[in-house]
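*Asks:* Got run_21.cif for you, mmCIF, C-alpha atoms:
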data_protein
loop_
_atom_site.label_atom_id
_atom_site.label_comp_id
_atom_site.auth_asym_id
_atom_site.auth_seq_id
_atom_site.Cartn_x
_atom_site.Cartn_y
_atom_site.Cartn_z
CA MET A 23 40.39 -18.55 -11.69
CA LYS A 24 39.79 -22.08 -12.93
CA LEU A 25 36.37 -23.31 -11.85
CA HIS A 26 35.19 -26.84 -11.18
CA ALA A 27 32.29 -28.51 -12.97
CA VAL A 28 28.73 -28.05 -11.76
CA PRO A 29 27.65 -31.10 -9.69
CA ALA A 30 24.92 -32.94 -11.58
CA PRO A 31 22.38 -32.96 -8.71
CA LEU A 32 22.81 -29.22 -8.18
CA ARG A 33 22.47 -28.54 -11.91
CA ALA A 34 19.23 -30.54 -12.00
CA GLU A 35 17.88 -28.69 -8.97
CA LEU A 36 18.62 -25.24 -10.39
CA GLU A 37 17.26 -26.11 -13.81
CA ALA A 38 14.06 -27.43 -12.22
CA ALA A 39 13.73 -24.02 -10.52
CA GLY A 40 13.85 -22.33 -13.92
CA LEU A 41 17.38 -20.96 -13.64
CA PRO A 42 19.70 -21.01 -16.70
CA VAL A 43 22.65 -22.81 -15.14
CA ASP A 44 25.28 -22.14 -17.82
CA ASP A 45 24.45 -18.43 -17.81
CA LEU A 46 24.56 -18.48 -14.02
CA VAL A 47 28.01 -20.10 -14.04
CA ALA A 48 29.25 -17.35 -16.36
CA HIS A 49 27.72 -14.73 -14.04
CA ILE A 50 29.44 -16.26 -11.01
CA GLU A 51 32.75 -16.51 -12.86
CA TRP A 52 32.52 -12.82 -13.74
CA ALA A 53 31.75 -11.97 -10.10
CA LEU A 54 34.72 -14.00 -8.85
CA GLU A 55 36.97 -12.29 -11.41
CA GLU A 56 36.09 -8.97 -9.81
CA ASP A 57 37.80 -10.22 -6.64
CA LEU A 58 40.62 -12.20 -8.26
CA PRO A 59 41.38 -11.13 -11.84
CA GLY A 60 43.81 -13.26 -13.81
CA ASP A 61 46.40 -14.95 -11.60
CA ALA A 62 45.73 -12.75 -8.56
CA VAL A 63 45.50 -14.34 -5.11
CA ASP A 64 43.70 -13.46 -1.91
CA VAL A 65 46.71 -11.86 -0.26
CA THR A 66 45.16 -11.68 3.21
CA SER A 67 44.17 -15.34 3.32
CA GLU A 68 47.46 -16.45 1.78
CA ALA A 69 49.37 -14.60 4.49
CA THR A 70 47.28 -15.59 7.51
CA ILE A 71 45.85 -19.06 6.81
CA ALA A 72 47.81 -22.28 6.50
CA PRO A 73 47.39 -24.07 3.14
CA ASP A 74 45.97 -27.19 4.80
CA ALA A 75 43.59 -25.39 7.19
CA ARG A 76 39.95 -26.43 7.03
CA ALA A 77 36.83 -24.79 8.44
CA GLU A 78 33.07 -24.91 8.54
CA GLY A 79 31.07 -21.85 7.57
CA VAL A 80 27.66 -21.29 9.13
CA PHE A 81 25.20 -19.20 7.12
CA ALA A 82 22.65 -17.61 9.46
CA ALA A 83 19.79 -15.17 9.04
CA ARG A 84 20.21 -12.01 11.07
CA GLU A 85 16.64 -10.87 10.55
CA ASP A 86 13.22 -12.37 9.82
CA GLY A 87 12.37 -13.05 6.19
CA VAL A 88 12.21 -15.51 3.31
CA VAL A 89 15.31 -17.15 1.88
CA ALA A 90 16.15 -17.40 -1.81
CA GLY A 91 19.37 -18.04 -3.68
CA LEU A 92 20.85 -20.57 -1.27
CA GLY A 93 21.22 -22.97 -4.18
CA VAL A 94 23.10 -20.25 -6.04
CA ALA A 95 25.37 -19.74 -3.02
CA ALA A 96 25.97 -23.50 -2.91
CA LEU A 97 26.91 -23.36 -6.59
CA VAL A 98 29.52 -20.68 -5.90
CA PHE A 99 31.24 -22.92 -3.35
CA ALA A 100 31.00 -25.95 -5.64
CA LEU A 101 32.58 -24.04 -8.53
CA VAL A 102 35.43 -22.78 -6.37
CA LEU A 103 36.12 -25.93 -4.33
CA GLY A 104 34.71 -28.81 -6.39
CA ASP A 105 34.49 -32.11 -4.51
CA ASP A 106 36.41 -30.62 -1.58
CA VAL A 107 33.37 -28.82 -0.17
CA ARG A 108 30.55 -30.31 1.88
CA ILE A 109 27.23 -28.48 2.07
CA THR A 110 24.67 -29.45 4.71
CA ASP A 111 21.57 -28.12 6.44
CA ARG A 112 20.58 -26.01 3.43
CA LEU A 113 17.01 -24.80 3.75
CA PRO A 114 14.81 -24.93 0.64
CA ASP A 115 14.47 -21.57 -1.10
CA GLY A 116 11.16 -20.01 -0.14
CA SER A 117 11.51 -21.03 3.52
CA ARG A 118 10.52 -18.50 6.16
CA VAL A 119 13.22 -17.83 8.73
CA THR A 120 13.67 -15.82 11.89
CA ALA A 121 16.77 -14.01 13.09
CA GLY A 122 19.37 -16.52 14.25
CA ASP A 123 18.21 -19.42 12.10
CA VAL A 124 20.96 -21.41 10.39
CA VAL A 125 20.13 -21.62 6.69
CA MET A 126 23.18 -23.52 5.37
CA ARG A 127 26.56 -24.92 6.40
CA VAL A 128 29.64 -25.28 4.19
CA ALA A 129 32.84 -27.11 5.09
CA GLY A 130 36.14 -27.27 3.23
CA PRO A 131 39.57 -25.65 2.85
CA THR A 132 39.52 -22.34 4.70
CA ARG A 133 41.22 -20.36 1.95
CA GLY A 134 38.72 -21.58 -0.63
CA LEU A 135 35.75 -20.85 1.61
CA LEU A 136 36.93 -17.27 2.03
CA THR A 137 37.50 -16.91 -1.72
CA ALA A 138 33.88 -17.88 -2.36
CA GLU A 139 32.34 -16.19 0.71
CA ARG A 140 31.63 -12.68 -0.56
CA THR A 141 30.36 -13.76 -3.97
CA ALA A 142 28.06 -16.35 -2.38
CA LEU A 143 26.76 -13.79 0.13
CA ASN A 144 26.24 -11.13 -2.53
CA PHE A 145 24.00 -13.45 -4.55
CA ALA A 146 22.09 -14.94 -1.62
CA SER A 147 21.64 -11.72 0.39
CA HIS A 148 20.21 -9.85 -2.59
CA LEU A 149 17.87 -12.65 -3.60
CA CYS A 150 16.69 -13.14 0.00
CA GLY A 151 15.94 -9.42 -0.01
CA VAL A 152 13.78 -9.75 -3.13
CA ALA A 153 11.93 -12.77 -1.72
CA THR A 154 11.39 -11.07 1.64
CA ALA A 155 10.08 -7.86 0.05
CA THR A 156 7.72 -9.90 -2.12
CA SER A 157 6.43 -11.79 0.90
CA HIS A 158 5.45 -8.49 2.54
CA TRP A 159 3.25 -7.64 -0.45
CA VAL A 160 1.77 -11.13 -0.45
CA ALA A 161 0.88 -10.69 3.22
CA ALA A 162 -0.67 -7.28 2.52
CA LEU A 163 -2.91 -8.84 -0.16
CA GLU A 164 -4.05 -11.71 2.06
CA GLY A 165 -7.81 -12.12 2.06
CA THR A 166 -8.19 -10.74 -1.47
CA SER A 167 -7.92 -12.40 -4.86
CA ALA A 168 -5.17 -10.04 -6.07
CA ARG A 169 -1.65 -11.30 -6.76
CA VAL A 170 1.57 -9.30 -6.75
CA LEU A 171 3.50 -9.11 -10.03
CA ASP A 172 7.09 -8.18 -10.73
CA THR A 173 8.22 -6.06 -13.71
CA ARG A 174 11.14 -5.76 -16.13
CA LYS A 175 12.73 -3.17 -13.84
CA THR A 176 15.51 -5.57 -12.93
CA LEU A 177 19.27 -5.23 -12.53
CA PRO A 178 20.97 -5.91 -15.89
CA GLY A 179 22.02 -9.54 -15.99
CA TRP A 180 20.04 -10.43 -12.88
CA ARG A 181 16.54 -10.83 -14.36
CA ALA A 182 16.23 -14.62 -14.16
CA LEU A 183 17.57 -14.61 -10.60
CA GLN A 184 15.40 -11.72 -9.40
CA LYS A 185 12.25 -13.16 -10.95
CA TYR A 186 13.09 -16.51 -9.36
CA ALA A 187 13.36 -14.78 -5.97
CA VAL A 188 9.96 -13.15 -6.54
CA ARG A 189 8.49 -16.62 -6.99
CA CYS A 190 10.21 -17.77 -3.80
CA GLY A 191 8.48 -14.91 -1.97
CA GLY A 192 5.05 -15.93 -3.27
CA GLY A 193 4.78 -13.45 -6.14
CA VAL A 194 3.98 -13.94 -9.81
CA ASN A 195 6.26 -13.21 -12.76
CA HIS A 196 5.16 -10.76 -15.44
CA ARG A 197 6.69 -11.15 -18.91
CA PHE A 198 10.39 -11.96 -18.98
CA GLY A 199 11.34 -9.96 -22.05
CA LEU A 200 9.99 -8.02 -24.99
CA ALA A 201 9.19 -11.06 -27.13
CA ASP A 202 7.12 -13.36 -24.92
CA LYS A 203 4.18 -10.98 -24.45
CA ALA A 204 3.02 -7.74 -26.08
CA MET A 205 2.72 -4.84 -23.65
CA VAL A 206 1.16 -1.72 -25.20
CA LYS A 207 2.26 1.33 -23.21
CA ASP A 208 1.66 5.06 -23.63
CA ASN A 209 4.38 5.55 -26.25
CA HIS A 210 2.97 2.73 -28.38
CA VAL A 211 -0.50 4.25 -28.07
CA ILE A 212 0.77 7.63 -29.26
CA ALA A 213 2.62 6.07 -32.19
CA ALA A 214 -0.38 3.96 -33.23
CA GLY A 215 -2.99 6.71 -32.79
CA GLY A 216 -4.96 5.29 -29.87
CA VAL A 217 -5.38 2.30 -27.60
CA VAL A 218 -7.65 0.37 -29.94
CA PRO A 219 -5.53 0.87 -33.10
CA ALA A 220 -2.47 -0.18 -31.08
CA TYR A 221 -4.21 -3.27 -29.73
CA ARG A 222 -5.50 -4.28 -33.15
CA ALA A 223 -2.09 -3.77 -34.75
CA VAL A 224 -0.45 -6.11 -32.26
CA ARG A 225 -3.25 -8.65 -32.52
CA ALA A 226 -2.97 -8.65 -36.32
CA ALA A 227 0.81 -9.00 -36.30
CA TYR A 228 0.99 -11.62 -33.53
CA PRO A 229 -2.38 -13.37 -33.30
CA ASP A 230 -1.20 -16.07 -30.88
CA LEU A 231 0.67 -13.82 -28.44
CA PRO A 232 -0.83 -12.49 -25.19
CA VAL A 233 -1.50 -8.74 -25.40
CA GLU A 234 -1.90 -6.33 -22.50
CA VAL A 235 -2.76 -2.66 -23.01
CA GLU A 236 -2.20 0.24 -20.61
CA VAL A 237 -5.02 2.71 -20.04
CA THR A 238 -5.05 5.97 -18.13
CA ASP A 239 -8.80 6.62 -17.99
CA LEU A 240 -12.12 4.80 -18.07
CA ASP A 241 -12.97 5.85 -21.64
CA GLN A 242 -9.91 4.00 -22.91
CA LEU A 243 -10.95 1.03 -20.81
CA ARG A 244 -14.42 0.95 -22.39
CA GLU A 245 -12.94 1.21 -25.89
CA LEU A 246 -10.63 -1.72 -25.31
CA LEU A 247 -13.33 -3.90 -23.81
CA GLU A 248 -15.47 -3.26 -26.88
CA ALA A 249 -12.51 -4.26 -29.04
CA GLY A 250 -12.15 -7.55 -27.17
CA CYS A 251 -8.98 -6.89 -25.21
CA THR A 252 -8.73 -9.32 -22.29
CA GLU A 253 -5.68 -7.96 -20.42
CA ILE A 254 -5.65 -4.33 -19.31
CA LEU A 255 -3.26 -2.33 -17.12
CA LEU A 256 -4.72 0.51 -15.04
CA ASP A 257 -1.99 3.13 -14.89
CA ASN A 258 -1.74 5.57 -11.96
CA MET A 259 -5.44 5.51 -11.12
CA SER A 260 -7.02 6.43 -7.82
CA THR A 261 -8.53 3.68 -5.72
CA GLN A 262 -12.03 4.91 -6.54
CA THR A 263 -11.34 4.94 -10.27
CA MET A 264 -9.93 1.41 -10.10
CA ALA A 265 -13.08 0.25 -8.33
CA GLU A 266 -15.14 1.79 -11.16
CA ALA A 267 -12.90 0.06 -13.69
CA VAL A 268 -13.54 -3.31 -12.05
CA GLU A 269 -17.29 -2.70 -12.16
CA ILE A 270 -17.21 -1.61 -15.81
CA THR A 271 -15.08 -4.61 -16.80
CA GLY A 272 -17.38 -7.12 -15.15
CA GLY A 273 -14.94 -9.98 -15.54
CA ARG A 274 -14.42 -9.49 -19.29
CA ALA A 275 -10.69 -8.85 -18.80
CA THR A 276 -8.00 -9.24 -16.18
CA LEU A 277 -7.00 -5.94 -14.60
CA GLU A 278 -3.53 -5.01 -13.40
CA ALA A 279 -3.01 -2.01 -11.11
CA SER A 280 0.28 -0.19 -11.61
CA GLY A 281 2.01 3.08 -10.81
CA GLY A 282 2.49 4.89 -7.53
CA LEU A 283 1.54 1.91 -5.39
CA THR A 284 2.87 1.47 -1.87
CA LEU A 285 2.70 -1.34 0.64
CA GLU A 286 0.41 0.81 2.78
CA ARG A 287 -2.08 1.12 -0.10
CA ALA A 288 -1.88 -2.51 -1.17
CA GLY A 289 -4.90 -3.71 0.80
CA GLU A 290 -7.26 -0.97 -0.35
CA VAL A 291 -6.17 -1.36 -3.98
CA ALA A 292 -6.64 -5.13 -3.86
CA ALA A 293 -10.07 -4.63 -2.30
CA THR A 294 -11.25 -2.92 -5.51
CA GLY A 295 -11.22 -6.32 -7.17
CA VAL A 296 -8.21 -5.93 -9.49
CA ASP A 297 -6.52 -9.19 -10.39
CA PHE A 298 -2.90 -8.10 -10.13
CA ILE A 299 -0.75 -5.40 -8.57
CA SER A 300 2.59 -4.84 -10.29
CA VAL A 301 5.48 -3.55 -8.21
CA GLY A 302 8.80 -2.51 -9.75
CA ALA A 303 10.31 -1.94 -6.32
CA LEU A 304 10.43 -5.71 -5.73
CA THR A 305 13.51 -5.77 -7.93
CA HIS A 306 14.77 -2.25 -8.57
CA SER A 307 14.82 -0.93 -4.99
CA VAL A 308 15.10 -3.98 -2.79
CA ILE A 309 16.94 -3.79 0.54
CA VAL A 310 19.57 -6.49 0.90
CA PHE A 311 18.74 -9.19 3.44
CA ASP A 312 21.07 -9.45 6.42
CA LEU A 313 22.67 -12.84 5.94
CA GLY A 314 25.97 -13.69 7.61
CA LEU A 315 28.65 -16.35 7.31
CA ASP A 316 30.76 -17.22 10.36
CA LEU A 317 33.72 -19.57 9.99
CA GLN A 318 34.58 -22.13 12.64
CA GLU A 319 37.96 -23.85 12.42
CA ILE A 320 37.91 -27.60 12.02
#
If you took the structure in this file and wrote it as structure tokens, what would it be?
*Replies:*
Amino acid sequence: MKLHAVPAPLRAELEAAGLPVDDLVAHIEWALEEDLPGDAVDVTSEATIAPDARAEGVFAAREDGVVAGLGVAALVFALVLGDDVRITDRLPDGSRVTAGDVVMRVAGPTRGLLTAERTALNFASHLCGVATATSHWVAALEGTSARVLDTRKTLPGWRALQKYAVRCGGGVNHRFGLADKAMVKDNHVIAAGGVVPAYRAVRAAYPDLPVEVEVTDLDQLRELLEAGCTEILLDNMSTQTMAEAVEITGGRATLEASGGLTLERAGEVAATGVDFISVGALTHSVIVFDLGLDLQEI
């Protein structure tokens, strides 16, 4: 399928949101190719819809939540239909909605709208799901100083989009990849011979890079604090042990709680005084948001 150019205002908007537009276009093109490989056509639309038919599509939320990815959905329609699509009433990503709210309208050739429909919905529904799930954690942490973090447990090829949706839901992004921050985990500790040797090895090799080290007990925590580590992950600790860790640390390092956390436990974990709670489920197990598109003939 031959795609149209990205409208300049939409490119600027997506780039300002931290999304790699050219990569996103390639991702959308690949998704559209799944529906229409090569010279294939939408046989149902070709048979049932007149070539000159036009329609308006109304995107509406069918549940309460937070929207994200509406700009990506708009990009899908712009790539498929070019200047022959009109997009109105699009809510800003990060907006809270209730069931029945209209979040965007698209108008243009009916066949083209239906070609783009499923791809646009797949992107937007998933990203709204990530943003909505994140917002639930943010609400659970309200009244504490803790922030919810995402992880690298993302769908392959979707990381920039999923992390963007986390931001839309009020969360904070952890490192994007393996090169922008050192993260010393249990396997690194075993290979290096301990938490302190691992920390010092990373600090010596990359003196200007942030370094976070995972600990599984309070002795490791004390060793790292003595060594000057300022970012520490508390792995699979009980609430009581995390509270002790906060007291021992005394503000000398930021503490991230991770492992086995649930939304029901979020408040009590945050109340220990940890700075961050990391949640892989924000991206690896999110439930898709119920977003619908209804066409109305023009």
*Asks:* At a cut-off of 9 Å, using only C-alpha atoms, what residues contact Leu135 of chain A? Leave out same-chain residues fewer than 6 positions from it and give the result as an mmCIF file with C-alpha atoms, keeping the file's coordinate frame.
*Replies:*
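Result file selection_11.cif:
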data_model
loop_
_atom_site.group_PDB
_atom_site.id
_atom_site.type_symbol
_atom_site.label_atom_id
_atom_site.label_comp_id
_atom_site.auth_asym_id
_atom_site.auth_seq_id
_atom_site.Cartn_x
_atom_site.Cartn_y
_atom_site.Cartn_z
ATOM 1 C CA ARG A 76 39.950 -26.430 7.030
ATOM 2 C CA ALA A 77 36.830 -24.790 8.440
ATOM 3 C CA GLU A 78 33.070 -24.910 8.540
ATOM 4 C CA GLY A 79 31.070 -21.850 7.570
ATOM 5 C CA PHE A 99 31.240 -22.920 -3.350
ATOM 6 C CA VAL A 102 35.430 -22.780 -6.370
ATOM 7 C CA LEU A 103 36.120 -25.930 -4.330
ATOM 8 C CA VAL A 107 33.370 -28.820 -0.170
ATOM 9 C CA VAL A 128 29.640 -25.280 4.190
ATOM 10 C CA ALA A 129 32.840 -27.110 5.090
ATOM 11 C CA LEU A 317 33.720 -19.570 9.990
#
*Asks:* Taking all atoms listed in the file into account, name the residue in A:Val301, A:Val235, A:Ala30, A:Leu97 that is nearest to Leu46 of chain A.
*Replies:*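 Counting all atoms listed in the file, the residue closest to Leu46 of chain A is A:Leu97.
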*Asks:* Find the spatial neighbours of Pro73 of chain A, counting only C-alpha atoms, within a cut-off of 10 Å - ignore same-chain residues fewer than 4 positions away - and output them as a list in words.
*Replies:*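 Using only C-alpha atoms, the neighbours found are Ser67, Glu68, Ala69, Pro131, Thr132, Arg133 and Gly134 of chain A.
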*Asks:* Applied to the shown file, which residues does the PyMOL selection byres ((chain A and resi 209-214) around 12) return, written as an MDAnalysis selection string?
*Replies:* chainID A and resid 204:208 215:224 234:238 242
*Asks:* When distances are computed from all atoms listed in the file, which of A:Val194, A:Gly130, A:Ala275, A:Leu240 shows the smallest separation from Asp105 of chain A?
*Replies:*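 Smallest distance to Asp105 of chain A is found for A:Gly130.
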*Asks:* Can you list, as a list in words, every protein, DNA or RNA residue that comes within 10 Å of Ser307 of chain A when you count only C-alpha atoms, leaving out same-chain residues fewer than 4 positions away?
*Replies:* Gly151, Val152, Ala155, Lys175, Thr176, Leu177, Gly302 and Ala303 of chain A
*Asks:* Restricting the calculation to all atoms listed in the file, which member of A:Gly314, A:Gly87, A:Pro29, A:Gly193 is positioned closest to Leu101 of chain A?
*Replies:*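 For Leu101 of chain A, the nearest of the candidates is A:Pro29.
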